[in-house]
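Participant: Input data_6.tsv, format and content: TSV, C-alpha atoms.
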chain	number	residue	atom	x	y	z
A	1	MET	CA	1.72	23.05	-31.50
A	2	PRO	CA	0.45	19.65	-32.74
A	3	ILE	CA	0.86	17.88	-29.36
A	4	ALA	CA	-1.35	18.63	-26.36
A	5	SER	CA	0.59	20.62	-23.77
A	6	GLN	CA	-0.17	18.12	-21.02
A	7	ILE	CA	1.13	15.20	-23.11
A	8	LYS	CA	4.23	17.20	-24.04
A	9	LYS	CA	4.96	17.63	-20.32
A	10	TYR	CA	4.36	13.93	-19.62
A	11	MET	CA	6.72	12.99	-22.45
A	12	ALA	CA	9.44	15.19	-20.97
A	13	ASP	CA	8.96	13.49	-17.60
A	14	SER	CA	8.63	10.01	-19.07
A	15	SER	CA	10.27	6.81	-18.03
A	16	TRP	CA	13.97	6.70	-17.22
A	17	ILE	CA	13.85	3.01	-18.10
A	18	ARG	CA	13.17	3.71	-21.75
A	19	ARG	CA	15.70	6.54	-21.85
A	20	MET	CA	18.45	4.21	-20.67
A	21	PHE	CA	17.35	1.47	-23.04
A	22	GLU	CA	17.58	3.86	-25.99
A	23	LEU	CA	20.96	5.11	-24.76
A	24	GLY	CA	22.12	1.49	-24.70
A	25	ILE	CA	21.24	1.07	-28.37
A	26	ALA	CA	23.29	4.15	-29.23
A	27	MET	CA	26.24	3.00	-27.11
A	28	LYS	CA	26.25	-0.42	-28.79
A	29	ARG	CA	26.41	1.21	-32.20
A	30	GLU	CA	29.34	3.32	-31.03
A	31	ARG	CA	31.31	0.77	-28.98
A	32	GLY	CA	30.11	-2.60	-30.27
A	33	ASP	CA	27.66	-5.02	-28.69
A	34	ASN	CA	30.35	-6.90	-26.76
A	35	ASN	CA	31.45	-3.76	-24.93
A	36	VAL	CA	28.08	-2.61	-23.59
A	37	PHE	CA	26.20	-4.38	-20.78
A	38	ASP	CA	22.61	-3.20	-20.72
A	39	LEU	CA	20.88	-3.93	-17.41
A	40	SER	CA	18.22	-1.26	-17.81
A	41	LEU	CA	15.09	-2.94	-19.15
A	42	GLY	CA	13.01	-5.71	-17.55
A	43	ASN	CA	12.74	-7.56	-20.85
A	44	PRO	CA	13.34	-11.26	-20.12
A	45	VAL	CA	15.74	-13.07	-22.43
A	46	MET	CA	14.39	-16.35	-21.07
A	47	GLU	CA	12.23	-18.21	-23.58
A	48	PRO	CA	8.67	-19.25	-22.65
A	49	PRO	CA	8.34	-22.65	-20.95
A	50	PRO	CA	8.09	-25.73	-23.21
A	51	GLU	CA	4.46	-26.16	-22.15
A	52	PHE	CA	3.64	-22.87	-23.89
A	53	ILE	CA	5.30	-23.96	-27.12
A	54	ALA	CA	3.48	-27.30	-26.98
A	55	GLU	CA	0.15	-25.62	-26.37
A	56	MET	CA	0.65	-23.22	-29.28
A	57	ARG	CA	1.47	-26.15	-31.59
A	58	ARG	CA	-1.61	-28.00	-30.40
A	59	LEU	CA	-3.79	-24.96	-31.03
A	60	LEU	CA	-2.40	-24.44	-34.52
A	61	ASP	CA	-3.12	-28.06	-35.37
A	62	ASP	CA	-6.64	-28.04	-33.91
A	63	LEU	CA	-7.95	-24.50	-33.61
A	64	PRO	CA	-11.76	-24.35	-33.64
A	65	ALA	CA	-13.42	-22.25	-36.32
A	66	GLY	CA	-14.04	-18.68	-35.21
A	67	SER	CA	-11.11	-18.59	-32.79
A	68	HIS	CA	-9.90	-15.25	-34.15
A	69	ARG	CA	-13.26	-13.47	-33.96
A	70	TYR	CA	-14.48	-11.04	-31.35
A	71	MET	CA	-15.51	-12.56	-28.06
A	72	PRO	CA	-17.20	-10.96	-25.02
A	73	ASN	CA	-15.16	-7.94	-23.90
A	74	ALA	CA	-14.32	-9.71	-20.63
A	75	GLY	CA	-12.71	-12.55	-22.58
A	76	TYR	CA	-13.49	-16.19	-23.26
A	77	THR	CA	-15.59	-17.70	-20.50
A	78	ASP	CA	-13.54	-20.90	-20.37
A	79	THR	CA	-10.28	-18.93	-20.07
A	80	ARG	CA	-11.74	-16.79	-17.29
A	81	ALA	CA	-12.96	-19.95	-15.58
A	82	ALA	CA	-9.46	-21.47	-15.77
A	83	VAL	CA	-7.95	-18.33	-14.22
A	84	ALA	CA	-10.64	-18.28	-11.52
A	85	SER	CA	-10.06	-21.95	-10.70
A	86	ALA	CA	-6.32	-21.36	-10.24
A	87	LEU	CA	-6.97	-18.29	-8.07
A	88	ALA	CA	-9.47	-20.21	-5.97
A	89	GLU	CA	-6.94	-22.99	-5.45
A	90	GLU	CA	-4.18	-20.53	-4.47
A	91	THR	CA	-6.22	-18.25	-2.23
A	92	GLY	CA	-8.97	-20.47	-0.84
A	93	LEU	CA	-11.55	-17.92	-2.04
A	94	ALA	CA	-14.55	-18.75	-4.24
A	95	TYR	CA	-13.44	-17.17	-7.51
A	96	GLU	CA	-15.63	-17.88	-10.54
A	97	ALA	CA	-15.39	-16.81	-14.18
A	98	GLU	CA	-17.58	-13.75	-13.52
A	99	HIS	CA	-14.91	-12.37	-11.15
A	100	VAL	CA	-12.24	-12.29	-13.90
A	101	MET	CA	-11.62	-10.11	-16.96
A	102	MET	CA	-8.84	-10.90	-19.42
A	103	THR	CA	-6.78	-7.81	-20.26
A	104	VAL	CA	-4.10	-6.43	-22.56
A	105	GLY	CA	-1.37	-7.06	-20.00
A	106	ALA	CA	-1.26	-5.66	-16.48
A	107	GLY	CA	-0.92	-2.12	-17.85
A	108	GLY	CA	-4.20	-2.44	-19.72
A	109	GLY	CA	-5.84	-3.89	-16.63
A	110	ILE	CA	-4.64	-1.10	-14.32
A	111	ASN	CA	-5.88	1.55	-16.74
A	112	ALA	CA	-9.31	-0.08	-16.99
A	113	VAL	CA	-9.56	-0.26	-13.19
A	114	LEU	CA	-8.49	3.35	-12.62
A	115	HIS	CA	-10.79	4.60	-15.38
A	116	ALA	CA	-13.71	2.83	-13.72
A	117	LEU	CA	-12.97	4.00	-10.18
A	118	CYS	CA	-11.47	7.48	-10.34
A	119	GLU	CA	-13.23	10.83	-10.50
A	120	PRO	CA	-11.16	13.91	-11.40
A	121	GLY	CA	-9.20	14.93	-8.31
A	122	ASP	CA	-9.24	11.49	-6.69
A	123	GLU	CA	-5.98	10.19	-5.23
A	124	VAL	CA	-4.09	6.99	-5.88
A	125	VAL	CA	-1.56	6.10	-3.19
A	126	ILE	CA	1.61	4.39	-4.39
A	127	PHE	CA	4.57	3.08	-2.37
A	128	ALA	CA	8.15	4.13	-3.16
A	129	PRO	CA	10.04	2.75	-4.87
A	130	PHE	CA	7.38	2.42	-7.58
A	131	PHE	CA	7.05	1.54	-11.24
A	132	ALA	CA	7.22	4.94	-12.91
A	133	GLU	CA	4.29	4.37	-15.27
A	134	TYR	CA	1.90	4.38	-12.28
A	135	LEU	CA	2.13	8.18	-12.28
A	136	PHE	CA	0.91	8.38	-15.86
A	137	TYR	CA	-1.72	5.66	-15.44
A	138	ALA	CA	-3.34	7.76	-12.69
A	139	LEU	CA	-3.07	10.98	-14.69
A	140	ASN	CA	-4.72	9.25	-17.65
A	141	HIS	CA	-7.94	9.18	-15.64
A	142	GLY	CA	-7.86	12.52	-13.83
A	143	ALA	CA	-6.38	11.19	-10.60
A	144	THR	CA	-3.15	12.16	-8.89
A	145	CYS	CA	-0.59	9.96	-7.19
A	146	VAL	CA	0.35	10.36	-3.53
A	147	THR	CA	3.65	8.71	-2.61
A	148	VAL	CA	4.39	6.91	0.66
A	149	GLY	CA	7.99	6.17	1.66
A	150	CYS	CA	9.60	3.03	3.05
A	151	ASP	CA	12.28	1.77	5.40
A	152	VAL	CA	15.78	0.59	4.43
A	153	GLU	CA	14.40	-2.84	3.49
A	154	PHE	CA	11.72	-1.26	1.30
A	155	THR	CA	8.75	-1.99	3.55
A	156	PRO	CA	6.26	0.90	3.17
A	157	SER	CA	5.48	3.06	6.20
A	158	LEU	CA	1.93	2.39	7.38
A	159	VAL	CA	2.23	5.38	9.70
A	160	GLU	CA	2.91	7.64	6.74
A	161	LEU	CA	0.17	5.93	4.74
A	162	GLU	CA	-2.39	6.62	7.46
A	163	SER	CA	-1.41	10.29	7.53
A	164	LYS	CA	-1.88	10.59	3.76
A	165	ILE	CA	-5.25	8.88	3.38
A	166	THR	CA	-7.98	11.46	2.85
A	167	SER	CA	-11.59	11.52	1.69
A	168	ARG	CA	-10.19	11.72	-1.86
A	169	THR	CA	-8.21	8.48	-1.56
A	170	LYS	CA	-9.81	6.02	-3.96
A	171	VAL	CA	-7.05	3.45	-4.52
A	172	VAL	CA	-3.97	2.22	-2.69
A	173	MET	CA	-1.70	0.38	-5.11
A	174	ILE	CA	0.83	-2.26	-4.11
A	175	ASN	CA	3.38	-4.13	-6.19
A	176	SER	CA	4.86	-7.25	-4.61
A	177	PRO	CA	7.34	-8.67	-5.46
A	178	ASN	CA	8.30	-5.09	-6.04
A	179	ASN	CA	9.77	-3.52	-9.13
A	180	PRO	CA	12.47	-2.21	-8.59
A	181	SER	CA	13.48	-3.50	-5.14
A	182	GLY	CA	12.59	-7.19	-5.31
A	183	ARG	CA	10.90	-6.86	-1.91
A	184	VAL	CA	8.09	-9.30	-1.12
A	185	TYR	CA	5.79	-7.69	1.43
A	186	THR	CA	5.30	-9.93	4.45
A	187	ALA	CA	2.03	-11.51	5.54
A	188	GLU	CA	2.12	-9.32	8.66
A	189	PHE	CA	2.48	-6.16	6.59
A	190	ILE	CA	-0.35	-7.20	4.25
A	191	ARG	CA	-2.61	-8.00	7.20
A	192	ASN	CA	-1.89	-4.66	8.89
A	193	LEU	CA	-2.40	-2.84	5.60
A	194	GLY	CA	-5.82	-4.42	5.19
A	195	LEU	CA	-6.82	-3.54	8.75
A	196	LEU	CA	-5.68	0.07	8.24
A	197	LEU	CA	-7.65	0.48	5.01
A	198	GLN	CA	-10.73	-1.04	6.60
A	199	ARG	CA	-10.50	1.32	9.58
A	200	LYS	CA	-9.82	4.44	7.50
A	201	GLY	CA	-12.66	3.65	5.13
A	202	LYS	CA	-15.08	3.47	8.05
A	203	GLU	CA	-13.72	6.67	9.60
A	204	LEU	CA	-14.06	8.61	6.34
A	205	GLY	CA	-17.25	6.95	5.13
A	206	THR	CA	-15.54	5.99	1.85
A	207	GLU	CA	-14.50	2.87	0.02
A	208	ILE	CA	-10.76	2.50	-0.46
A	209	TYR	CA	-9.73	-0.13	-2.98
A	210	LEU	CA	-6.48	-2.07	-2.75
A	211	LEU	CA	-5.12	-2.56	-6.26
A	212	SER	CA	-2.55	-5.34	-6.19
A	213	ASP	CA	-0.23	-5.34	-9.22
A	214	GLU	CA	1.26	-8.84	-9.33
A	215	PRO	CA	3.20	-9.61	-12.53
A	216	TYR	CA	6.06	-11.11	-10.48
A	217	ARG	CA	3.88	-13.08	-8.05
A	218	LYS	CA	5.23	-16.44	-9.22
A	219	ILE	CA	8.88	-15.34	-9.29
A	220	ILE	CA	9.75	-15.67	-5.60
A	221	PHE	CA	12.99	-17.00	-4.09
A	222	ASP	CA	14.17	-18.92	-1.03
A	223	ASN	CA	10.95	-20.98	-0.79
A	224	GLN	CA	8.92	-17.99	0.38
A	225	LEU	CA	5.14	-18.02	0.05
A	226	TYR	CA	3.18	-15.17	-1.49
A	227	PRO	CA	0.77	-13.51	1.00
A	228	PHE	CA	-2.42	-12.86	-0.98
A	229	PRO	CA	-3.91	-9.50	0.07
A	230	GLN	CA	-7.46	-10.56	-0.81
A	231	ARG	CA	-7.37	-12.98	2.11
A	232	THR	CA	-7.38	-10.02	4.50
A	233	TYR	CA	-9.22	-7.26	2.60
A	234	ASP	CA	-12.33	-7.78	0.50
A	235	LYS	CA	-11.92	-4.59	-1.51
A	236	THR	CA	-8.83	-6.06	-3.17
A	237	ILE	CA	-8.59	-5.94	-6.96
A	238	THR	CA	-5.90	-8.19	-8.43
A	239	VAL	CA	-4.16	-7.20	-11.65
A	240	THR	CA	-1.45	-9.31	-13.23
A	241	SER	CA	0.02	-10.46	-16.51
A	242	HIS	CA	1.86	-13.43	-17.95
A	243	SER	CA	4.67	-11.22	-19.22
A	244	LYS	CA	7.08	-12.42	-16.56
A	245	ASP	CA	5.86	-15.78	-15.25
A	246	LEU	CA	5.53	-17.19	-18.79
A	247	ALA	CA	8.14	-14.85	-20.37
A	248	LEU	CA	5.56	-13.37	-22.77
A	249	PRO	CA	5.96	-9.58	-22.44
A	250	GLY	CA	5.34	-8.95	-26.12
A	251	GLU	CA	2.08	-10.88	-26.18
A	252	ARG	CA	0.26	-8.51	-23.79
A	253	ILE	CA	-1.93	-10.96	-21.91
A	254	GLY	CA	-3.11	-10.56	-18.33
A	255	TYR	CA	-6.22	-10.31	-16.21
A	256	VAL	CA	-8.12	-8.38	-13.55
A	257	ALA	CA	-9.87	-10.24	-10.73
A	258	VAL	CA	-12.28	-8.80	-8.17
A	259	HIS	CA	-12.67	-10.29	-4.71
A	260	PRO	CA	-15.51	-12.84	-4.89
A	261	GLY	CA	-16.73	-11.87	-1.42
A	262	TYR	CA	-17.04	-8.15	-2.13
A	263	GLU	CA	-20.72	-7.19	-2.18
A	264	ALA	CA	-20.40	-4.94	-5.23
A	265	SER	CA	-18.16	-7.29	-7.24
A	266	GLU	CA	-20.68	-7.62	-10.10
A	267	GLU	CA	-21.00	-3.85	-10.43
A	268	LEU	CA	-17.22	-3.44	-10.36
A	269	MET	CA	-16.67	-6.05	-13.04
A	270	ASP	CA	-19.33	-4.54	-15.28
A	271	ALA	CA	-17.51	-1.20	-15.01
A	272	PHE	CA	-14.12	-2.77	-15.75
A	273	VAL	CA	-15.48	-4.55	-18.83
A	274	PHE	CA	-17.04	-1.31	-20.09
A	275	CYS	CA	-13.78	0.58	-19.56
A	276	ASN	CA	-11.77	-2.17	-21.21
A	277	ARG	CA	-13.86	-1.53	-24.32
A	278	VAL	CA	-14.04	2.26	-24.37
A	279	LEU	CA	-10.33	2.68	-23.68
A	280	GLY	CA	-9.76	0.88	-26.98
A	281	PHE	CA	-8.43	-2.41	-25.65
A	282	VAL	CA	-11.76	-4.08	-26.63
A	283	ASN	CA	-10.57	-7.50	-25.51
A	284	ALA	CA	-7.36	-9.35	-24.70
A	285	PRO	CA	-5.62	-11.07	-27.66
A	286	ALA	CA	-7.60	-14.13	-28.70
A	287	MET	CA	-4.72	-16.55	-29.36
A	288	MET	CA	-3.09	-15.77	-26.05
A	289	GLN	CA	-6.38	-16.33	-24.24
A	290	HIS	CA	-6.55	-19.77	-25.86
A	291	ALA	CA	-2.94	-20.50	-24.94
A	292	VAL	CA	-2.84	-19.43	-21.28
A	293	ARG	CA	-6.06	-21.26	-20.49
A	294	ALA	CA	-4.08	-24.46	-19.99
A	295	LEU	CA	-1.01	-22.81	-18.42
A	296	GLN	CA	-2.27	-21.33	-15.15
A	297	HIS	CA	-0.02	-23.68	-13.15
A	298	VAL	CA	3.07	-23.23	-15.37
A	299	THR	CA	5.95	-20.85	-14.62
A	300	VAL	CA	9.40	-20.19	-16.05
A	301	ASP	CA	12.43	-21.70	-14.31
A	302	VAL	CA	12.64	-19.43	-11.26
A	303	SER	CA	15.89	-21.07	-10.15
A	304	ASP	CA	17.66	-19.41	-13.09
A	305	TYR	CA	16.72	-15.97	-11.77
A	306	GLU	CA	17.67	-17.02	-8.25
A	307	ARG	CA	21.17	-18.04	-9.41
A	308	LYS	CA	21.62	-14.73	-11.20
A	309	ARG	CA	20.44	-12.85	-8.13
A	310	ASP	CA	22.99	-14.66	-5.98
A	311	TYR	CA	25.81	-13.99	-8.45
A	312	LEU	CA	25.02	-10.29	-8.77
A	313	TYR	CA	24.50	-9.84	-5.05
A	314	GLN	CA	27.97	-11.26	-4.40
A	315	VAL	CA	29.55	-9.02	-7.07
A	316	LEU	CA	27.95	-5.89	-5.63
A	317	THR	CA	28.54	-6.58	-1.95
A	318	GLU	CA	32.19	-7.47	-2.59
A	319	ALA	CA	32.54	-4.17	-4.48
A	320	GLY	CA	31.21	-2.33	-1.42
A	321	TYR	CA	27.66	-1.49	-2.48
A	322	ARG	CA	24.87	-1.51	0.09
A	323	VAL	CA	22.27	-3.89	-1.32
A	324	PHE	CA	18.98	-5.38	-0.15
A	325	LYS	CA	18.94	-9.01	-1.32
A	326	PRO	CA	15.84	-9.37	-3.51
A	327	GLU	CA	13.18	-11.87	-2.48
A	328	GLY	CA	11.48	-12.00	-5.87
A	329	ALA	CA	11.17	-10.53	-9.39
A	330	PHE	CA	14.44	-9.97	-11.31
A	331	TYR	CA	15.65	-6.57	-10.18
A	332	MET	CA	18.16	-5.28	-7.66
A	333	PHE	CA	18.00	-1.77	-6.18
A	334	PRO	CA	21.34	-0.92	-4.54
A	335	GLN	CA	22.14	2.32	-2.80
A	336	SER	CA	24.52	4.58	-4.69
A	337	PRO	CA	27.91	5.03	-2.99
A	338	VAL	CA	27.47	8.79	-3.57
A	339	GLY	CA	24.38	10.82	-2.74
A	340	ASP	CA	23.59	11.78	-6.33
A	341	GLU	CA	23.04	8.48	-8.09
A	342	MET	CA	23.40	10.15	-11.49
A	343	VAL	CA	27.12	10.48	-10.76
A	344	LEU	CA	27.29	6.71	-10.35
A	345	VAL	CA	25.08	6.05	-13.37
A	346	GLU	CA	27.40	8.16	-15.52
A	347	ALA	CA	30.49	6.45	-14.09
A	348	LEU	CA	29.01	3.07	-14.93
A	349	GLN	CA	28.26	4.24	-18.47
A	350	ARG	CA	31.95	5.07	-18.91
A	351	HIS	CA	32.60	1.39	-18.14
A	352	GLY	CA	29.89	0.23	-20.56
A	353	VAL	CA	27.27	-0.63	-17.92
A	354	LEU	CA	23.71	0.69	-18.17
A	355	VAL	CA	21.43	0.90	-15.13
A	356	VAL	CA	18.41	3.09	-14.28
A	357	PRO	CA	18.66	5.94	-11.74
A	358	GLY	CA	16.52	5.58	-8.64
A	359	ARG	CA	14.83	8.94	-9.19
A	360	GLY	CA	12.87	7.21	-11.95
A	361	PHE	CA	11.27	5.09	-9.23
A	362	GLY	CA	10.69	7.87	-6.72
A	363	MET	CA	13.87	7.15	-4.73
A	364	PRO	CA	16.92	9.25	-5.61
A	365	GLY	CA	20.17	7.87	-4.24
A	366	TYR	CA	19.51	4.34	-5.52
A	367	PHE	CA	19.75	2.65	-8.90
A	368	ARG	CA	18.01	-0.30	-10.52
A	369	ILE	CA	19.67	-3.30	-12.13
A	370	SER	CA	17.66	-5.73	-14.22
A	371	TYR	CA	19.22	-9.20	-14.19
A	372	CYS	CA	16.82	-10.98	-16.57
A	373	VAL	CA	19.71	-11.09	-19.05
A	374	GLU	CA	22.19	-13.71	-20.18
A	375	GLN	CA	24.78	-14.71	-17.58
A	376	HIS	CA	27.61	-13.44	-19.76
A	377	VAL	CA	26.11	-9.93	-19.64
A	378	LEU	CA	26.19	-9.96	-15.84
A	379	GLU	CA	29.75	-11.27	-15.90
A	380	GLY	CA	30.74	-8.59	-18.40
A	381	ALA	CA	29.21	-5.88	-16.20
A	382	ALA	CA	30.92	-7.05	-13.00
A	383	PRO	CA	34.27	-5.25	-13.61
A	384	GLY	CA	32.37	-2.05	-14.38
A	385	PHE	CA	30.51	-2.16	-11.07
A	386	GLN	CA	33.79	-2.70	-9.24
A	387	ALA	CA	35.67	0.01	-11.16
A	388	ALA	CA	32.92	2.63	-10.77
A	389	ALA	CA	32.66	2.08	-7.01
A	390	LYS	CA	36.44	2.30	-6.61
A	391	GLU	CA	36.60	5.43	-8.75
A	392	LEU	CA	33.91	7.23	-6.74
A	393	ARG	CA	35.36	6.20	-3.38
A	394	SER	CA	38.75	7.59	-4.41
A	395	LYS	CA	37.14	10.97	-5.18
A	396	SER	CA	35.16	11.23	-1.96
As a first step, turn the structure in this file into structure tokens.

Facilitator:
Amino acid sequence: MPIASQIKKYMADSSWIRRMFELGIAMKRERGDNNVFDLSLGNPVMEPPPEFIAEMRRLLDDLPAGSHRYMPNAGYTDTRAAVASALAEETGLAYEAEHVMMTVGAGGGINAVLHALCEPGDEVVIFAPFFAEYLFYALNHGATCVTVGCDVEFTPSLVELESKITSRTKVVMINSPNNPSGRVYTAEFIRNLGLLLQRKGKELGTEIYLLSDEPYRKIIFDNQLYPFPQRTYDKTITVTSHSKDLALPGERIGYVAVHPGYEASEELMDAFVFCNRVLGFVNAPAMMQHAVRALQHVTVDVSDYERKRDYLYQVLTEAGYRVFKPEGAFYMFPQSPVGDEMVLVEALQRHGVLVVPGRGFGMPGYFRISYCVEQHVLEGAAPGFQAAAKELRSKS
């Protein structure tokens, strides 16, 4: 067998998101592009902001010699300083360049962090619903994931979290705004989470790190403010990317930031930089580091996503689906009208609509819709949502 047995198992269990995306390609070949409405993949169709295009043109016209060479594994100092300055302005904390490492997207950053922190057998706590790749990121580094559930509005249970923290708990990972639910965790929840982790760490005599995965941090609706977890817990490690806020998923550019007030921040960052290198990332892409340096205060047009959220929410609620109205990101995570969401997913496929089953996010009985698509795709999918719900209700 040419493939390692463990990898073969992981491949069999791999992401439902990609499975549905590949199914969509096959369905379009069979039925025609205009008859298939693929809402499975969080791949923004929105183009990057004009500021990004202008900055790329400026760089091409005046790029200093050596701009494509290796740089320190942590990234260009001036880019890290620009990120740190923006973080300091947003959080009120004294971030400097030495607290930041540029990464190959958020995925590269999370892997570097987990590689640096986790011994074999350590535990990484994740909150359902969760991004499915978290399971494999932890397994990459000998750790295992422990899942904590949530309430009907997708707020994680701190009572359950407390019961599941053990001496092996190394990392608690949060993702807000959440993929797939669109939930933005409240300031009260974040504060109570920090207090709980602080108390449990003292009780167990361990250090529990809060890994905050924030690629949707700047895509928030209804004038809400983002509650930064590092304001309440100094063992917070921030990981994010510009895949969503600058619509650059294919460019793989992000960063890791350690809390500037954490006493071991220098040691942590040294470990992250080492792991960034030995995992094969080496450094974040040079051109993207040059580009995002000047774009830390730039974001895509969030109002476009907000309008699409409102349209889709109306379509689904009028069709009888139970839906939490997302507060950020560009996903919706409705409850299936039947207990087995695969029945609904298959019914939607018959009507040319592709969504991802909730079991792929640790929550069977739900399904994820990605609405970072053209408006006409949402409008084309609307009759399918209505017809599938009606069809299943008539059978129940």

Participant: Which residues come within 9 Å of region 223-235 of chain A, counting all atoms listed in the file, excluding same-chain residues fewer than 2 positions away, as a PyMOL selection string?

Facilitator: chain A and resi 90-93+176-177+184-188+190-195+197-198+207-212+217-218+220-221+237-238+258-263+265+327

Participant: CA of Ile3 (chain A) and CA of Cys118 (chain A), how far apart in Å?

Facilitator: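 That distance, rounded to one decimal, is 24.9 Å.
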
Participant: To one decimal place, how far is CA of Ser85 (chain A) from CA of Val292 (chain A) in Å?

Facilitator: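 If I compute the distance from CA of Ser85 (chain A) to CA of Val292 (chain A), I get 13.1 Å.
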
Participant: Please work out which residues fall within 8 Å of (10.3, 0.0, -1.5), coordinates as given in the file, with only C-alpha atoms counting, and return them as a PyMOL selection string.

Facilitator: chain A and resi 127-130+149-151+153-156+178+180-181+183

Participant: How would the residues just chosen look if you wrote them out with C-alpha atoms as a PDB file, in the coordinates of the input?

Facilitator:
ATOM      1  CA  PHE A 127       4.570   3.080  -2.370  1.00  0.00           C
ATOM      2  CA  ALA A 128       8.150   4.130  -3.160  1.00  0.00           C
ATOM      3  CA  PRO A 129      10.040   2.750  -4.870  1.00  0.00           C
ATOM      4  CA  PHE A 130       7.380   2.420  -7.580  1.00  0.00           C
ATOM      5  CA  GLY A 149       7.990   6.170   1.660  1.00  0.00           C
ATOM      6  CA  CYS A 150       9.600   3.030   3.050  1.00  0.00           C
ATOM      7  CA  ASP A 151      12.280   1.770   5.400  1.00  0.00           C
ATOM      8  CA  GLU A 153      14.400  -2.840   3.490  1.00  0.00           C
ATOM      9  CA  PHE A 154      11.720  -1.260   1.300  1.00  0.00           C
ATOM     10  CA  THR A 155       8.750  -1.990   3.550  1.00  0.00           C
ATOM     11  CA  PRO A 156       6.260   0.900   3.170  1.00  0.00           C
ATOM     12  CA  ASN A 178       8.300  -5.090  -6.040  1.00  0.00           C
ATOM     13  CA  PRO A 180      12.470  -2.210  -8.590  1.00  0.00           C
ATOM     14  CA  SER A 181      13.480  -3.500  -5.140  1.00  0.00           C
ATOM     15  CA  ARG A 183      10.900  -6.860  -1.910  1.00  0.00           C
TER      16      ARG A 183
END

Participant: Which neighbours of region 242-254 of chain A fall inside 7 Å, counting all atoms listed in the file, when residues of the same chain fewer than 3 positions from it are skipped, and could you give them as a list in words?

Facilitator: Pro44, Met46, Glu47, Pro48, Pro49, Met102, Thr103, Val104, Gly105, Ala106, Pro215, Tyr216, Lys218, Ile219, Ala284, Pro285, Met288, Thr299 and Val300 of chain A

Participant: Choose the residue, out of A:Lys308, A:Arg31, A:Arg277, A:Arg293, that has the smallest atom-to-atom separation from Ala112 (chain A); count all atoms listed in the file.

Facilitator: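 Going through A:Lys308, A:Arg31, A:Arg277, A:Arg293 one by one, the smallest distance to Ala112 (chain A) is for A:Arg277.
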
Participant: In terms of the shortest atom-to-atom distance over all atoms listed in the file, which of A:Glu346, A:Glu341, A:Glu133, A:Glu123 is closest to Arg18 (chain A)?

Facilitator: A:Glu133

Participant: How many Å lie between CA of Asp122 (chain A) and CA of Asn140 (chain A), rounded to one decimal?

Facilitator: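 Here the two named atoms are 12.1 Å from each other.
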
Participant: Leaving out His68 (chain A) and any residue of its chain fewer than 6 positions from it, which residues lie within 12 Å of it when counting all atoms listed in the file, given as a list in words?

Facilitator: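 Counting only the stated atoms, we get Leu59, Leu60, Tyr76, Asn283, Ala284, Pro285, Ala286, Met287, Met288, Gln289 and His290 of chain A.
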
Participant: Leaving out Arg307 (chain A) and any residue of its chain fewer than 4 positions from it, which residues lie within 12 Å of it when counting all atoms listed in the file, given as a list in words?

Facilitator: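 Those residues are Phe221, Asp222, Asp301, Val302, Ser303, Tyr311, Leu312, Tyr313, Gln314, Pro326, Gly328, Phe330, Tyr371, Cys372, Val373, Glu374, Gln375 and Leu378 of chain A.
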
Participant: Just to be explicit: take each residue in the selection above, keep C-alpha atoms, and write the result as a PDB file, keeping the file's coordinate frame.

Facilitator:
ATOM      1  CA  PHE A 221      12.990 -17.000  -4.090  1.00  0.00           C
ATOM      2  CA  ASP A 222      14.170 -18.920  -1.030  1.00  0.00           C
ATOM      3  CA  ASP A 301      12.430 -21.700 -14.310  1.00  0.00           C
ATOM      4  CA  VAL A 302      12.640 -19.430 -11.260  1.00  0.00           C
ATOM      5  CA  SER A 303      15.890 -21.070 -10.150  1.00  0.00           C
ATOM      6  CA  TYR A 311      25.810 -13.990  -8.450  1.00  0.00           C
ATOM      7  CA  LEU A 312      25.020 -10.290  -8.770  1.00  0.00           C
ATOM      8  CA  TYR A 313      24.500  -9.840  -5.050  1.00  0.00           C
ATOM      9  CA  GLN A 314      27.970 -11.260  -4.400  1.00  0.00           C
ATOM     10  CA  PRO A 326      15.840  -9.370  -3.510  1.00  0.00           C
ATOM     11  CA  GLY A 328      11.480 -12.000  -5.870  1.00  0.00           C
ATOM     12  CA  PHE A 330      14.440  -9.970 -11.310  1.00  0.00           C
ATOM     13  CA  TYR A 371      19.220  -9.200 -14.190  1.00  0.00           C
ATOM     14  CA  CYS A 372      16.820 -10.980 -16.570  1.00  0.00           C
ATOM     15  CA  VAL A 373      19.710 -11.090 -19.050  1.00  0.00           C
ATOM     16  CA  GLU A 374      22.190 -13.710 -20.180  1.00  0.00           C
ATOM     17  CA  GLN A 375      24.780 -14.710 -17.580  1.00  0.00           C
ATOM     18  CA  LEU A 378      26.190  -9.960 -15.840  1.00  0.00           C
TER      19      LEU A 378
END

Participant: Take region 195-199 of chain A, bring it up to N, CA and C atoms, and give me the output as a short mmCIF file (atom, residue, chain, number, x, y, z; two decimals), in the coordinates of the input.

Facilitator:
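Below is the file that was written, out35.cif:
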data_model
loop_
_atom_site.label_atom_id
_atom_site.label_comp_id
_atom_site.auth_asym_id
_atom_site.auth_seq_id
_atom_site.Cartn_x
_atom_site.Cartn_y
_atom_site.Cartn_z
N LEU A 195 -6.13 -4.06 7.57
CA LEU A 195 -6.82 -3.54 8.75
C LEU A 195 -6.85 -2.02 8.73
N LEU A 196 -5.74 -1.39 8.31
CA LEU A 196 -5.68 0.07 8.24
C LEU A 196 -6.69 0.61 7.22
N LEU A 197 -6.74 0.00 6.04
CA LEU A 197 -7.65 0.48 5.01
C LEU A 197 -9.11 0.29 5.43
N GLN A 198 -9.36 -0.80 6.11
CA GLN A 198 -10.73 -1.04 6.60
C GLN A 198 -11.12 0.03 7.62
N ARG A 199 -10.22 0.33 8.54
CA ARG A 199 -10.50 1.32 9.58
C ARG A 199 -10.66 2.72 8.99
#
